[in-house]
Amino acid sequence: MGKVGRFITDPKAGAYCQVTLDSGDKLVVNHARGGFKGGPLTIETTKWWGGGQRIVSIDLDSAAGKAALAKLTAGHPAESALATPLGAFAEVIKDCASVDDVKAKCEALLRG
């Protein structure tokens, strides 16, 4: 099982956290608006010397984004981090073995 780092919130930039997969791949999950609002959520790889690559981009205001978020946050108390877009997506990808698994899992969530 991967490891989810602490959640960082910036009122101007949103919220993000780092997830380290069992493979050693490090990802950054970024919710541009933070909190419980919609907007874009991205998952990117990170590299020691900068760079990285966006592997997933989800519009939480779209029908597919709303449905995926509702599925992931169902049953979690409203005050829980798992009830936020950042917490929900970080929790779901931490069990992925690789970047390809993250892509596949997110695509499946968006398809319903």
# chains A, B, ... in the order shown; residues from 1 in each chain; ligands from 1

$ residues_around --residues "A:Cys96" --least-positions-apart "6" --cutoff "12 Å" --atoms "only C-alpha atoms" --output "number ranges by chain"
A: 1-4, 19-27, 89-90, 102-106

$ select_by_dssp --residues "stretch 32-100 of chain A" --states "strand (DSSP E or B)" --output "list of chain:residue names"
A:Pro40, A:Leu41, A:Thr42, A:Ile43, A:Glu44, A:Thr45, A:Arg54, A:Ile55, A:Val56, A:Ser57, A:Ile58, A:Asp59

$ write_last_selection --atoms "C-alpha atoms" --output "short mmCIF file (atom, residue, chain, number, x, y, z; two decimals), in the first residue's frame"
data_model
loop_
_atom_site.label_atom_id
_atom_site.label_comp_id
_atom_site.auth_asym_id
_atom_site.auth_seq_id
_atom_site.Cartn_x
_atom_site.Cartn_y
_atom_site.Cartn_z
CA PRO A 40 -10.06 20.78 -11.78
CA LEU A 41 -8.27 17.96 -9.99
CA THR A 42 -4.99 16.75 -11.46
CA ILE A 43 -2.58 13.94 -10.73
CA GLU A 44 1.02 14.39 -11.88
CA THR A 45 4.26 12.49 -11.60
CA ARG A 54 0.24 15.14 -15.90
CA ILE A 55 -1.31 11.70 -15.98
CA VAL A 56 -4.90 12.48 -14.97
CA SER A 57 -7.04 15.60 -15.23
CA ILE A 58 -10.60 15.55 -13.92
CA ASP A 59 -13.17 18.31 -14.20
#

$ closest_residue --among "A:Ala70, A:Leu82, A:Leu110, A:Cys17" --to "A:Val29" --atoms "only C-alpha atoms"
A:Cys17

$ atom_distance --atom1 "atom CA of A:Gly39" --atom2 "atom CA of A:Leu60"
5.2 Å
